[in-house]
Protein chains: 2
Amino acid sequence: MVRESVQTRPLNEREASVLQALIYEYITTGKPVGSRSFVQKYSFSISPATMRNIMFDLESMEYLKQPHTSAGRIPTDIGYRFYVNSLLDNYDFSLKEREISVKEEAIKREVQLDKIFSVVTRMLSSESRYAAVMLTPRFDFTVVKRIVLVPMGINEILFILVTRTGMVLPKKVTVSANVTQDDMYAFSAYLTEELSGYAVYEIMDSIFDRLRQEHSTCPNKDMALDIAQLAISDYEEPRLHIEGIENLLKIPEMVEEERLNSLLSIIEDKSILKRILEKAIEFEGIRTLIGEEVAEEKVKGCSMVSASYKIGNKLVGAVGVIGPTRMDYEKVVPLVDYTGRVVTELLTKMSK
Amino acid sequence: MVRESVQTRPLNEREASVLQALIYEYITTGKPVGSRSFVQKYSFSISPATMRNIMFDLESMEYLKQPHTSAGRIPTDIGYRFYVNSLLDNYDFSLKEREISVKEEAIKREVQLDKIFSVVTRMLSSESRYAAVMLTPRFDFTVVKRIVLVPMGINEILFILVTRTGMVLPKKVTVSANVTQDDMYAFSAYLTEELSGYAVYEIMDSIFDRLRQEHSTCPNKDMALDIAQLAISDYEEPRLHIEGIENLLKIPEMVEEERLNSLLSIIEDKSILKRILEKAIEFEGIRTLIGEEVAEEKVKGCSMVSASYKIGNKLVGAVGVIGPTRMDYEKVVPLVDYTGRVVTELLTKMSK
DNA sequence: ATTAGCACTCGGTTTAAACGAGTGCTAATA
DNA sequence: TATTAGCACTCGTTTAAACCGAGTGCTAAT
């Protein structure tokens, strides 16, 4: 049979299973997969020649490519995409959890929210053997539990916001007028009374406006509001936690010139990752970006599996794993998915 | 003259200047320094042969070595040590600052203490072009400014300690008995009243004991003390900030197998760095560790320049730069020294 | 004490050959 | 028609040999 170029079309069963096995093989070994040894290793009951024909078809449909003539095949981004999609199709989102659940306790034992982020990323990177990233919750959805003002010096006030999740967010504010210790107590009480229970975005949107018009027994009410507004309006951006870059350095192909540069830009310019993860927040559940799909100029040959997490039913942050395109998706996808759920559960419980 | 093996002895002037120039050359180029080109480049008015003789002497005194026969010379750790010491001898610790002072403002503008650590390490790594590390202040020397208790749930209390430097240290504490909102206010007032102005180590050493015996108007005084003691006793360890590992990856010799492993252990096992920096706290001022002097099994071919910093006149933390043995000490030493001073100044001012 | 001269070393680079895993194509086969 | 055996060909990788050049140590002359 003379092989003619094949347009993209649904794969038949045999092609699909070959593709799947081939990608699996490549993910494990990192070497281009050739027909002879492949057929043997996976006990396909076809000859190498037939395998070559199938590979040829898969190649002309752009699922595979050759790094150079007369080498075996490696998957293209499209190939990986097929692989990951069929993983996702068959993935039982309810199960899986049991296998990993040991770590769950370690996370849940952590009480200080800030540490949770470290623990989660550390766990995720060590479990996945790649690099883990996490974007801390969007500030505007956090719910105020308590506000405490502490005088720090002349005209300097430390504004401490305690969230319902137990996060403690301090902010130094400079005021022009003098404020007495008694004022501080009054302000703390007033602001806690009025703002607790509301999410920051609500406070910014409407609560402040309402309070300014309402009457209050708090002396200097307006000043209290000024301080609060000042502090809250320039609260912190979500922070990016990265952990486990060292894992990536252990992967031989990542240490090669070109990839290393990708890595360097990722570490150096955190805004890149932040951009990617911020996008991920919008998608409920798992999201995979393979190779070029990452769509960041400086990032080449990397994939990213991410999951958004919620507080209550608001999507507020994301967590993920970065690795080479040749990533062990089969392991990473459930892991990330699971981690997202644990974080959601934890934060939601804390904010009750 | 037949060269005989030379015992270590004080270097004469010519030898010293050759050694100094040679190390400088090696630091800049990274290539073994050979006699011919070296004599030419640095306009020594001696012949290459004479230079070889000098080099031979320096080698037999272990200031230099050859990576292999018939190659030029490179410095040994002892050589670097000589170089750094004479740098330090001639180093005007009062001056230098002016050159770098631009960044000072950027740091001092930072109000949130936690961010200062990030800013300092980032600045230090980007200025030095190596990796920067910083150990946050030892907790036991921080002075209490204010204590606030916030009820978080059944039997759960958030204990917030505000230090005089403006650091906000929250800690979740679980108590057995029920605590009312009013208790909280009373406790906060009582603890603030009694503990503010004292350093944590004083509180742990004696204040608690004293308070337990004294009478107080605070109802449930003992419970308040229990909570405080619980929270303070297991407060956080100094944290380690690292920044700029990417800079090290840009140095070709660091990406080679062996060095890369060193690097990986450093990143992976932060306790190594912590150990080194903790030691550095004990030395007032600058400290250099060259190559083997680092004395950590897994760390090879790295040097570290560190400076301790103080709050008032207590040594509480350290900051430093890590790079290859072939580091630009001439640049790094003043930089680290200066950074240490700025941090000291800043923290001291904040804690007033 | 310095230096010119010279034989010698040895890592790095270049060149060439041999290797081997893999391919595409063709022709025979089920 | 789909599969397979056979074969020539490709091309990156490994191995070996040759060579280059920067550098050394030693010796003898200055």
# chains A, B, ... in the order shown; residues from 1 in each chain; ligands from 1
>>> interface_residues(of="chain A", to="chain D", cutoff="12 Å", atoms="only C-alpha atoms (C1' of nucleotides)", output="PyMOL selection string")
chain A and resi 1-3+45-54+67-72
>>> write_last_selection(atoms="C-alpha atoms", output="CSV table (one decimal), in the first residue's frame")
chain,number,residue,atom,x,y,z
A,1,MET,CA,0.0,0.0,0.0
A,2,VAL,CA,1.3,3.4,-0.8
A,3,ARG,CA,0.7,5.7,2.1
A,45,SER,CA,0.6,-8.2,17.6
A,46,ILE,CA,1.6,-6.4,14.4
A,47,SER,CA,4.9,-6.1,12.7
A,48,PRO,CA,7.2,-3.2,13.0
A,49,ALA,CA,6.4,-2.3,9.4
A,50,THR,CA,2.7,-2.0,10.2
A,51,MET,CA,3.5,0.0,13.2
A,52,ARG,CA,5.5,2.3,11.0
A,53,ASN,CA,2.5,2.7,8.7
A,54,ILE,CA,0.3,3.7,11.7
A,67,PRO,CA,12.9,15.2,15.9
A,68,HIS,CA,14.9,14.5,12.7
A,69,THR,CA,14.7,12.1,9.7
A,70,SER,CA,15.4,8.5,10.6
A,71,ALA,CA,14.6,9.0,14.3
A,72,GLY,CA,11.7,7.6,16.2
>>> interface_residues(of="chain B", to="chain A", cutoff="7 Å", atoms="only C-alpha atoms", output="list in words")
Val111, Gln112, Val168, Pro170, Lys171, Lys172, Glu246, Leu264, Ile267 and Glu268 of chain B
>>> calpha_fit_and_write(fixed="chain A", moving="chain B", output="short mmCIF file (atom, residue, chain, number, x, y, z; two decimals) with C-alpha atoms, in the first residue's frame")
data_model
loop_
_atom_site.label_atom_id
_atom_site.label_comp_id
_atom_site.auth_asym_id
_atom_site.auth_seq_id
_atom_site.Cartn_x
_atom_site.Cartn_y
_atom_site.Cartn_z
CA MET B 1 -0.72 0.17 0.08
CA VAL B 2 0.69 3.47 -0.89
CA ARG B 3 0.34 5.78 2.06
CA GLU B 4 -1.21 9.03 1.16
CA SER B 5 -1.27 12.09 3.34
CA VAL B 6 -4.17 11.78 5.74
CA GLN B 7 -6.36 14.66 6.75
CA THR B 8 -7.20 14.96 10.42
CA ARG B 9 -10.10 12.67 11.21
CA PRO B 10 -11.34 10.74 14.23
CA LEU B 11 -8.79 8.13 15.17
CA ASN B 12 -9.85 4.54 14.91
CA GLU B 13 -9.43 2.37 17.93
CA ARG B 14 -6.11 0.92 16.96
CA GLU B 15 -4.60 4.28 16.18
CA ALA B 16 -5.85 5.68 19.44
CA SER B 17 -4.34 2.90 21.47
CA VAL B 18 -1.06 3.15 19.61
CA LEU B 19 -0.93 6.88 20.18
CA GLN B 20 -1.72 6.48 23.82
CA ALA B 21 0.90 3.81 24.35
CA LEU B 22 3.47 5.73 22.39
CA ILE B 23 3.00 8.87 24.45
CA TYR B 24 3.13 6.86 27.60
CA GLU B 25 6.37 5.31 26.41
CA TYR B 26 7.83 8.66 25.54
CA ILE B 27 6.81 10.18 28.84
CA THR B 28 8.55 7.38 30.67
CA THR B 29 11.73 7.11 28.65
CA GLY B 30 12.12 10.51 27.08
CA LYS B 31 13.52 8.94 23.92
CA PRO B 32 11.95 9.01 20.46
CA VAL B 33 9.92 5.86 19.99
CA GLY B 34 10.85 3.64 17.06
CA SER B 35 8.63 1.04 15.47
CA ARG B 36 10.54 -2.15 16.09
CA SER B 37 11.27 -1.97 19.79
CA PHE B 38 7.92 -0.37 20.47
CA VAL B 39 5.92 -3.18 18.87
CA GLN B 40 7.93 -5.67 20.83
CA LYS B 41 7.80 -3.94 24.18
CA TYR B 42 4.06 -3.42 24.11
CA SER B 43 3.29 -6.79 22.49
CA PHE B 44 1.31 -5.32 19.65
CA SER B 45 0.39 -8.18 17.35
CA ILE B 46 1.37 -6.33 14.25
CA SER B 47 4.67 -6.06 12.49
CA PRO B 48 7.00 -3.10 12.78
CA ALA B 49 6.15 -2.19 9.22
CA THR B 50 2.49 -1.89 10.01
CA MET B 51 3.38 0.12 13.05
CA ARG B 52 5.36 2.43 10.84
CA ASN B 53 2.33 2.87 8.64
CA ILE B 54 0.19 3.78 11.61
CA MET B 55 2.83 6.12 12.86
CA PHE B 56 3.01 7.69 9.46
CA ASP B 57 -0.71 8.36 9.56
CA LEU B 58 -0.54 9.76 13.06
CA GLU B 59 2.30 11.95 11.95
CA SER B 60 0.43 13.33 8.98
CA MET B 61 -2.44 14.11 11.32
CA GLU B 62 0.08 15.99 13.45
CA TYR B 63 -0.22 13.89 16.56
CA LEU B 64 3.38 12.86 16.20
CA LYS B 65 6.55 14.25 14.76
CA GLN B 66 10.10 13.18 14.17
CA PRO B 67 12.84 15.18 15.79
CA HIS B 68 14.75 14.48 12.58
CA THR B 69 14.53 12.15 9.62
CA SER B 70 15.26 8.59 10.48
CA ALA B 71 14.53 8.98 14.14
CA GLY B 72 11.62 7.56 16.05
CA ARG B 73 8.50 9.57 16.77
CA ILE B 74 7.71 11.90 19.64
CA PRO B 75 4.35 13.46 20.46
CA THR B 76 3.41 16.94 19.32
CA ASP B 77 1.45 19.28 21.55
CA ILE B 78 -1.64 18.04 19.73
CA GLY B 79 -0.67 14.50 20.61
CA TYR B 80 -0.28 15.33 24.26
CA ARG B 81 -3.57 17.13 24.13
CA PHE B 82 -5.27 14.01 22.81
CA TYR B 83 -3.60 11.97 25.51
CA VAL B 84 -4.58 14.30 28.32
CA ASN B 85 -8.12 14.63 27.06
CA SER B 86 -8.67 10.92 27.01
CA LEU B 87 -7.14 10.77 30.48
CA LEU B 88 -9.59 13.39 31.58
CA ASP B 89 -12.47 11.60 29.87
CA ASN B 90 -11.86 8.46 31.81
CA TYR B 91 -10.90 10.17 34.99
CA ASP B 92 -13.10 9.46 37.94
CA PHE B 93 -13.04 12.73 39.76
CA SER B 94 -14.65 11.28 42.81
CA LEU B 95 -12.27 8.45 43.44
CA LYS B 96 -8.49 8.83 43.29
CA GLU B 97 -8.46 10.78 46.47
CA ARG B 98 -7.95 7.86 48.70
CA GLU B 99 -4.47 7.13 47.37
CA ILE B 100 -3.12 10.50 48.24
CA SER B 101 -5.10 11.20 51.35
CA VAL B 102 -2.23 10.70 53.74
CA LYS B 103 -1.01 14.19 53.13
CA GLU B 104 -4.39 15.68 53.69
CA GLU B 105 -3.99 15.51 57.41
CA ALA B 106 -0.67 17.27 57.30
CA ILE B 107 -2.29 20.16 55.52
CA LYS B 108 -5.36 20.34 57.67
CA ARG B 109 -3.38 20.37 60.84
CA GLU B 110 -1.79 23.62 59.72
CA VAL B 111 -3.59 26.47 61.36
CA GLN B 112 -1.83 29.53 60.20
CA LEU B 113 -3.16 30.27 56.80
CA ASP B 114 0.07 31.63 55.48
CA LYS B 115 1.80 28.41 56.30
CA ILE B 116 -0.83 26.43 54.51
CA PHE B 117 0.30 27.92 51.26
CA SER B 118 3.86 26.85 51.90
CA VAL B 119 2.83 23.40 53.00
CA VAL B 120 0.56 22.87 50.03
CA THR B 121 3.12 23.91 47.47
CA ARG B 122 5.83 21.93 49.14
CA MET B 123 3.67 18.86 49.27
CA LEU B 124 2.59 19.31 45.70
CA SER B 125 6.10 19.67 44.39
CA SER B 126 7.47 16.76 46.31
CA GLU B 127 4.59 14.48 45.32
CA SER B 128 4.67 15.43 41.68
CA ARG B 129 8.43 15.70 41.40
CA TYR B 130 7.95 18.86 39.39
CA ALA B 131 7.57 22.49 40.44
CA ALA B 132 4.45 23.59 42.24
CA VAL B 133 2.84 27.00 42.15
CA MET B 134 0.01 28.56 44.05
CA LEU B 135 -1.73 31.87 43.90
CA THR B 136 -3.03 33.04 47.26
CA PRO B 137 -6.73 33.86 47.46
CA ARG B 138 -7.97 36.98 45.83
CA PHE B 139 -8.19 39.55 48.52
CA ASP B 140 -11.51 41.04 47.48
CA PHE B 141 -13.39 37.88 48.33
CA THR B 142 -12.04 37.51 51.81
CA VAL B 143 -14.52 38.18 54.54
CA VAL B 144 -13.69 40.48 57.41
CA LYS B 145 -13.87 39.08 60.88
CA ARG B 146 -12.26 41.73 62.96
CA ILE B 147 -10.38 44.97 62.63
CA VAL B 148 -7.80 46.22 65.09
CA LEU B 149 -6.00 49.54 65.01
CA VAL B 150 -2.73 49.93 66.81
CA PRO B 151 -0.93 53.25 67.10
CA MET B 152 2.67 52.87 65.96
CA GLY B 153 4.15 56.32 66.17
CA ILE B 154 3.31 59.90 65.44
CA ASN B 155 0.61 59.78 62.80
CA GLU B 156 1.26 56.15 62.07
CA ILE B 157 -1.34 53.50 62.54
CA LEU B 158 -1.11 49.79 62.10
CA PHE B 159 -4.35 48.58 60.59
CA ILE B 160 -4.84 44.88 61.21
CA LEU B 161 -7.52 43.00 59.37
CA VAL B 162 -8.37 39.53 60.58
CA THR B 163 -10.25 37.50 58.00
CA ARG B 164 -12.77 34.85 58.69
CA THR B 165 -10.27 32.27 57.50
CA GLY B 166 -7.88 33.41 60.19
CA MET B 167 -5.54 35.25 57.91
CA VAL B 168 -4.01 38.29 59.55
CA LEU B 169 -3.34 41.16 57.20
CA PRO B 170 -1.51 44.12 58.65
CA LYS B 171 -1.10 47.41 56.87
CA LYS B 172 0.63 50.55 57.99
CA VAL B 173 -1.32 53.75 57.40
CA THR B 174 -0.17 57.31 57.78
CA VAL B 175 -2.70 59.87 58.91
CA SER B 176 -2.42 63.61 59.13
CA ALA B 177 -4.39 64.32 62.27
CA ASN B 178 -3.41 63.05 65.67
CA VAL B 179 -5.27 60.05 66.95
CA THR B 180 -5.54 59.14 70.58
CA GLN B 181 -5.36 55.72 72.10
CA ASP B 182 -9.03 55.98 72.98
CA ASP B 183 -9.92 56.83 69.43
CA MET B 184 -8.17 53.66 68.42
CA TYR B 185 -10.30 51.53 70.63
CA ALA B 186 -13.42 53.24 69.45
CA PHE B 187 -12.39 52.91 65.82
CA SER B 188 -11.55 49.26 66.20
CA ALA B 189 -14.89 48.55 67.77
CA TYR B 190 -16.79 50.61 65.25
CA LEU B 191 -15.09 49.17 62.19
CA THR B 192 -15.35 45.63 63.44
CA GLU B 193 -19.00 46.12 64.21
CA GLU B 194 -19.82 47.55 60.83
CA LEU B 195 -17.53 45.66 58.50
CA SER B 196 -17.34 42.18 59.90
CA GLY B 197 -19.21 39.61 57.90
CA TYR B 198 -18.74 41.45 54.65
CA ALA B 199 -16.36 40.56 51.86
CA VAL B 200 -13.84 43.16 50.93
CA TYR B 201 -15.37 43.75 47.54
CA GLU B 202 -18.73 44.48 49.15
CA ILE B 203 -17.12 46.88 51.52
CA MET B 204 -15.38 48.69 48.71
CA ASP B 205 -18.45 48.68 46.51
CA SER B 206 -21.13 49.86 48.84
CA ILE B 207 -20.62 49.54 52.58
CA PHE B 208 -18.29 52.49 52.84
CA ASP B 209 -20.71 54.67 50.98
CA ARG B 210 -23.57 53.62 53.18
CA LEU B 211 -21.64 54.15 56.39
CA ARG B 212 -20.57 57.60 55.40
CA GLN B 213 -24.17 58.62 55.22
CA GLU B 214 -25.45 56.80 58.27
CA HIS B 215 -25.26 58.31 61.65
CA SER B 216 -23.09 56.61 64.24
CA THR B 217 -22.25 56.97 67.89
CA CYS B 218 -18.60 56.59 67.09
CA PRO B 219 -16.85 59.91 67.45
CA ASN B 220 -14.78 60.83 64.46
CA LYS B 221 -16.51 58.16 62.46
CA ASP B 222 -15.33 59.67 59.22
CA MET B 223 -11.75 59.42 60.21
CA ALA B 224 -12.17 55.79 61.06
CA LEU B 225 -13.63 55.23 57.65
CA ASP B 226 -10.84 57.16 56.00
CA ILE B 227 -8.28 54.98 57.66
CA ALA B 228 -10.07 51.79 56.75
CA GLN B 229 -10.61 52.85 53.20
CA LEU B 230 -6.99 53.83 52.82
CA ALA B 231 -5.78 50.55 54.23
CA ILE B 232 -8.16 48.32 52.36
CA SER B 233 -7.93 50.05 49.03
CA ASP B 234 -4.30 49.23 48.63
CA TYR B 235 -4.26 45.82 50.12
CA GLU B 236 -2.06 43.21 48.78
CA GLU B 237 -2.20 41.46 45.49
CA PRO B 238 -2.45 37.72 45.49
CA ARG B 239 1.02 36.37 46.09
CA LEU B 240 2.66 33.65 44.10
CA HIS B 241 4.27 30.74 45.88
CA ILE B 242 6.73 28.61 43.96
CA GLU B 243 8.31 25.49 45.26
CA GLY B 244 10.44 22.74 43.83
CA ILE B 245 12.30 24.35 40.99
CA GLU B 246 15.09 22.04 41.99
CA ASN B 247 12.98 19.16 40.72
CA LEU B 248 13.00 20.68 37.28
CA LEU B 249 16.74 21.05 37.36
CA LYS B 250 16.98 17.34 37.89
CA ILE B 251 15.32 16.62 34.58
CA PRO B 252 18.13 16.35 32.06
CA GLU B 253 16.24 17.86 29.15
CA MET B 254 15.39 20.93 31.21
CA VAL B 255 19.00 21.78 31.86
CA GLU B 256 19.70 22.15 28.19
CA GLU B 257 20.37 25.67 27.07
CA GLU B 258 17.00 26.52 25.60
CA ARG B 259 14.83 25.01 28.29
CA LEU B 260 17.02 26.42 30.99
CA ASN B 261 16.28 29.86 29.63
CA SER B 262 12.58 29.13 29.80
CA LEU B 263 13.06 28.11 33.37
CA LEU B 264 15.02 31.20 34.20
CA SER B 265 12.36 33.48 32.80
CA ILE B 266 9.76 31.69 34.82
CA ILE B 267 11.66 32.08 38.04
CA GLU B 268 12.81 35.56 37.32
CA ASP B 269 9.68 37.14 36.03
CA LYS B 270 6.97 35.97 38.34
CA SER B 271 4.42 38.06 36.54
CA ILE B 272 4.39 35.44 33.79
CA LEU B 273 3.25 32.71 36.12
CA LYS B 274 0.88 35.02 37.83
CA ARG B 275 -0.75 35.85 34.55
CA ILE B 276 -1.18 32.20 33.72
CA LEU B 277 -2.58 31.30 37.11
CA GLU B 278 -4.89 34.27 37.22
CA LYS B 279 -6.39 33.00 34.02
CA ALA B 280 -6.72 29.59 35.61
CA ILE B 281 -8.86 30.99 38.40
CA GLU B 282 -11.62 31.58 35.91
CA PHE B 283 -11.93 27.90 35.06
CA GLU B 284 -13.66 25.84 37.62
CA GLY B 285 -11.71 22.66 38.20
CA ILE B 286 -8.74 21.32 36.35
CA ARG B 287 -6.99 22.98 33.46
CA THR B 288 -4.09 21.77 31.39
CA LEU B 289 -1.83 23.85 29.24
CA ILE B 290 0.49 21.92 26.98
CA GLY B 291 3.58 23.36 25.37
CA GLU B 292 2.60 26.15 23.06
CA GLU B 293 -0.79 26.42 24.68
CA VAL B 294 0.89 28.18 27.54
CA ALA B 295 1.10 31.03 25.07
CA GLU B 296 3.83 32.88 26.83
CA GLU B 297 6.58 33.95 24.57
CA LYS B 298 9.44 33.21 26.88
CA VAL B 299 8.14 29.85 28.02
CA LYS B 300 9.03 26.94 25.79
CA GLY B 301 8.68 23.24 26.25
CA CYS B 302 6.75 23.48 29.48
CA SER B 303 3.33 22.29 30.45
CA MET B 304 1.19 23.31 33.33
CA VAL B 305 -1.62 21.55 35.11
CA SER B 306 -3.67 23.79 37.34
CA ALA B 307 -6.82 23.74 39.40
CA SER B 308 -8.74 26.64 40.75
CA TYR B 309 -9.95 26.61 44.31
CA LYS B 310 -12.86 28.25 45.99
CA ILE B 311 -13.96 29.74 49.23
CA GLY B 312 -17.59 28.79 49.55
CA ASN B 313 -18.61 28.98 45.96
CA LYS B 314 -16.40 31.83 44.85
CA LEU B 315 -13.39 30.97 42.74
CA VAL B 316 -10.60 32.78 44.52
CA GLY B 317 -7.27 31.21 43.66
CA ALA B 318 -5.40 28.54 41.81
CA VAL B 319 -2.77 25.93 42.39
CA GLY B 320 -0.76 24.01 39.85
CA VAL B 321 2.24 22.06 38.70
CA ILE B 322 4.77 23.05 36.08
CA GLY B 323 6.90 20.53 34.28
CA PRO B 324 8.29 19.62 30.91
CA THR B 325 5.81 19.01 28.11
CA ARG B 326 6.73 15.42 28.63
CA MET B 327 5.08 15.42 32.00
CA ASP B 328 3.54 12.49 33.78
CA TYR B 329 0.04 13.82 33.33
CA GLU B 330 -1.48 10.63 34.54
CA LYS B 331 -0.01 11.22 37.94
CA VAL B 332 -0.13 14.99 38.01
CA VAL B 333 -3.71 15.58 36.90
CA PRO B 334 -5.37 13.73 39.78
CA LEU B 335 -2.85 15.16 42.19
CA VAL B 336 -3.53 18.75 41.26
CA ASP B 337 -7.25 18.14 41.05
CA TYR B 338 -7.19 16.65 44.49
CA THR B 339 -5.07 19.41 45.94
CA GLY B 340 -7.47 22.01 44.63
CA ARG B 341 -10.32 20.25 46.35
CA VAL B 342 -8.50 19.99 49.64
CA VAL B 343 -7.64 23.67 49.60
CA THR B 344 -11.22 24.54 48.76
CA GLU B 345 -12.52 22.40 51.54
CA LEU B 346 -10.05 23.76 54.01
CA LEU B 347 -10.57 27.42 53.23
CA THR B 348 -14.30 27.04 53.10
CA LYS B 349 -14.37 25.37 56.46
CA MET B 350 -12.14 28.03 57.95
CA SER B 351 -14.32 30.83 56.71
CA LYS B 352 -17.47 29.43 58.28
#
>>> interface_residues(of="chain C", to="chain B", cutoff="7 Å", atoms="only C-alpha atoms (C1' of nucleotides)", output="list in words")
DT2, DT3, DT9 and DC10 of chain C
>>> write_last_selection(atoms="C-alpha atoms (C1' of nucleotides)", output="PDB file, in the first residue's frame")
ATOM      1  C1'  DT C   2      66.482  36.985  35.284  1.00  0.00           C
ATOM      2  C1'  DT C   3      65.692  35.380  30.943  1.00  0.00           C
ATOM      3  C1'  DT C   9      52.306  17.805  28.346  1.00  0.00           C
ATOM      4  C1'  DC C  10      47.793  17.521  27.815  1.00  0.00           C
TER       5       DC C  10
END
>>> select_by_dssp(residues="segment 176-264 of chain B", states="strand (DSSP E)", output="list in words")
Leu240, His241, Ile242 and Glu243 of chain B
>>> decode(residues="segment 184-239 of chain B", atoms="C-alpha atoms", output="compact mmCIF listing (two decimals), in the first residue's frame")
# COMPACT_ATOMS: atom_id res chain seq x y z
CA MET B 184 -10.87 38.51 75.21
CA TYR B 185 -10.92 42.22 75.63
CA ALA B 186 -9.79 41.93 79.20
CA PHE B 187 -7.03 39.51 78.28
CA SER B 188 -5.82 41.68 75.45
CA ALA B 189 -5.65 44.69 77.70
CA TYR B 190 -4.01 42.81 80.51
CA LEU B 191 -1.38 41.11 78.38
CA THR B 192 -0.57 44.25 76.49
CA GLU B 193 -0.25 46.16 79.71
CA GLU B 194 2.05 43.65 81.31
CA LEU B 195 4.12 42.39 78.42
CA SER B 196 4.64 45.37 76.19
CA GLY B 197 8.12 46.76 76.26
CA TYR B 198 9.69 43.43 77.05
CA ALA B 199 11.60 41.21 74.69
CA VAL B 200 10.26 37.75 74.19
CA TYR B 201 13.21 36.12 75.87
CA GLU B 202 12.64 38.23 78.98
CA ILE B 203 9.02 37.29 79.00
CA MET B 204 9.84 33.63 78.73
CA ASP B 205 12.62 33.82 81.28
CA SER B 206 11.03 35.74 84.08
CA ILE B 207 8.00 37.90 83.36
CA PHE B 208 5.58 35.02 83.19
CA ASP B 209 6.80 33.69 86.48
CA ARG B 210 6.46 37.05 88.12
CA LEU B 211 2.99 37.67 86.77
CA ARG B 212 1.74 34.33 87.95
CA GLN B 213 2.55 35.32 91.48
CA GLU B 214 1.40 38.91 91.36
CA HIS B 215 -2.14 39.83 91.99
CA SER B 216 -4.10 41.40 89.16
CA THR B 217 -7.49 42.91 88.58
CA CYS B 218 -7.85 40.91 85.42
CA PRO B 219 -10.34 38.13 85.93
CA ASN B 220 -9.05 34.76 84.88
CA LYS B 221 -5.56 36.16 84.78
CA ASP B 222 -4.07 32.69 84.80
CA MET B 223 -5.91 31.69 81.72
CA ALA B 224 -4.67 34.75 79.91
CA LEU B 225 -1.17 33.81 80.87
CA ASP B 226 -1.69 30.24 79.78
CA ILE B 227 -2.79 31.38 76.38
CA ALA B 228 0.09 33.77 76.00
CA GLN B 229 2.62 31.26 77.16
CA LEU B 230 1.26 28.64 74.81
CA ALA B 231 1.35 31.00 71.87
CA ILE B 232 4.72 32.50 72.56
CA SER B 233 6.49 29.31 73.48
CA ASP B 234 6.03 27.84 70.06
CA TYR B 235 6.50 30.90 67.99
CA GLU B 236 8.14 30.73 64.72
CA GLU B 237 11.71 29.99 63.91
CA PRO B 238 13.63 32.52 61.93
CA ARG B 239 12.68 32.06 58.31
